[in-house]
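> Here's a structure for you.
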Amino acid sequence: MPIRVLVVDDSAFMRRVVGDAVSSQPDMELIGVAHNGLDALVKVEQLQPDVVTLDVEMPEMDGLTALRHLMVRYPRPVVMLSTQTQEGAVTTLRALSIGAVDFVPKPSGSISLDFHKVREDLLNKVRIASRARVRGAGPTLTPASKPVGPTERTPDDTTWNRLVLIGSSTGGPRALGSLVPALARDGRTAYVVIQHMPAGFTRSLADRLDSSSALNVREAATGDRLAADTVLVAPGDFHLRLSPLGVVELDDGPRVHGVRPSVDVALESVAEHFGSRAVVSILTGMGQDGAAGAVAVHQRGGYVLAEDESSCVVWGMPRAVFERGVADRVVPLDAMAEAITSALAAGAHARA
């Protein structure tokens, strides 16, 4: 059966080019178009599409408002089309936290005359979305309180003795929005997040996580050092590696598994330099990025966690780790923070 797609955009031009792209695929069927959020809700109820492509900026009812209603009333996979501005990145992260499966940035604004640059990316994400597990509206994050006073660490305080690397892809921003705020400060653990995302969006992801977490979260830059109670998020379109001293090295070398940043690239350096001091957590995502790196870390005495299929949007990356036989535990997302904490405690006990 072909994937039945509804295209939602206030631009007639964009409805046509996105609709034509969908119609050209033998495994897809364009079942309708909608010109704003209100129209989209009516069409979703009438046509029951498998996947919705949804523009963010629309009159009468914008994409975010429509998405909130959609996730409550007719939950289904949604791929957002967003602008590459800073404001667009913030809105996109909100959409992913509400329940959108993924997004495609329009290369030249709301009416993208060079849509051909992202055409294949959109079609691939529609295919992935059609297989995704959608859970409907999620809880709104309550910002965690950051400690104040003399106990708060400064960015220059690099004291740490355990490293947690979290890797994710499709469904990852929402999963990270649940996991990172659940992690507590312990004064000794440094964190790195590798989320498959294009340039321009990872800073907004880091800012959003920082606002809801007791940990300090920021986008990584070349020369940054690992620090206790700090999460460094790999910037979009750059691979991240760590030096033996825990210094961040970024490069725009060839994509690995078709992505940059790659979890495997980061884990190669983690395995080489930190081995038994590392805990790896592989969350929801398509493909197998992170599996080879998890094997390398595991072989050097590190601890590997994989998200259970029951909570994944796409059980691809965690499944690859599980099938390699190196997952020390497989746990659902709501148990991942506790699993990380337990792994850290076990490591500390083993060294005592």
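Naming scheme: A, B, ... for chains in displayed order of the structure tokens; residues 1 onward per chain; ligands 1 onward as shown.
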If you run DSSP on this backbone, which residues of stretch 2-249 of chain A come out as strand (DSSP E or B), and could you give them as a VMD selection string?

chain A and resid 3 to 8 28 to 34 51 to 55 78 to 83 102 to 106 162 to 168 189 to 195 216 to 219 225 230 to 233 239 to 242 247 to 249

> Which residues, written as a list in words, have at least one atom at most 9 Å from stretch 112-128 of chain A, with only C-alpha atoms counted and residues fewer than 5 positions away on the same chain left out?

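These residues fall inside the cut-off: Ile3, Val5, Phe13, Met14, Val17, Val18, Ala21, Val22, Gln25, Asp27, Met28, Val51, Val52, Thr53, Pro77, Val78, Val79, Leu81, Val101, Asp102, Phe103, Val104, Pro105, Lys106, Pro107, Thr170, Met286 and Val314 of chain A.
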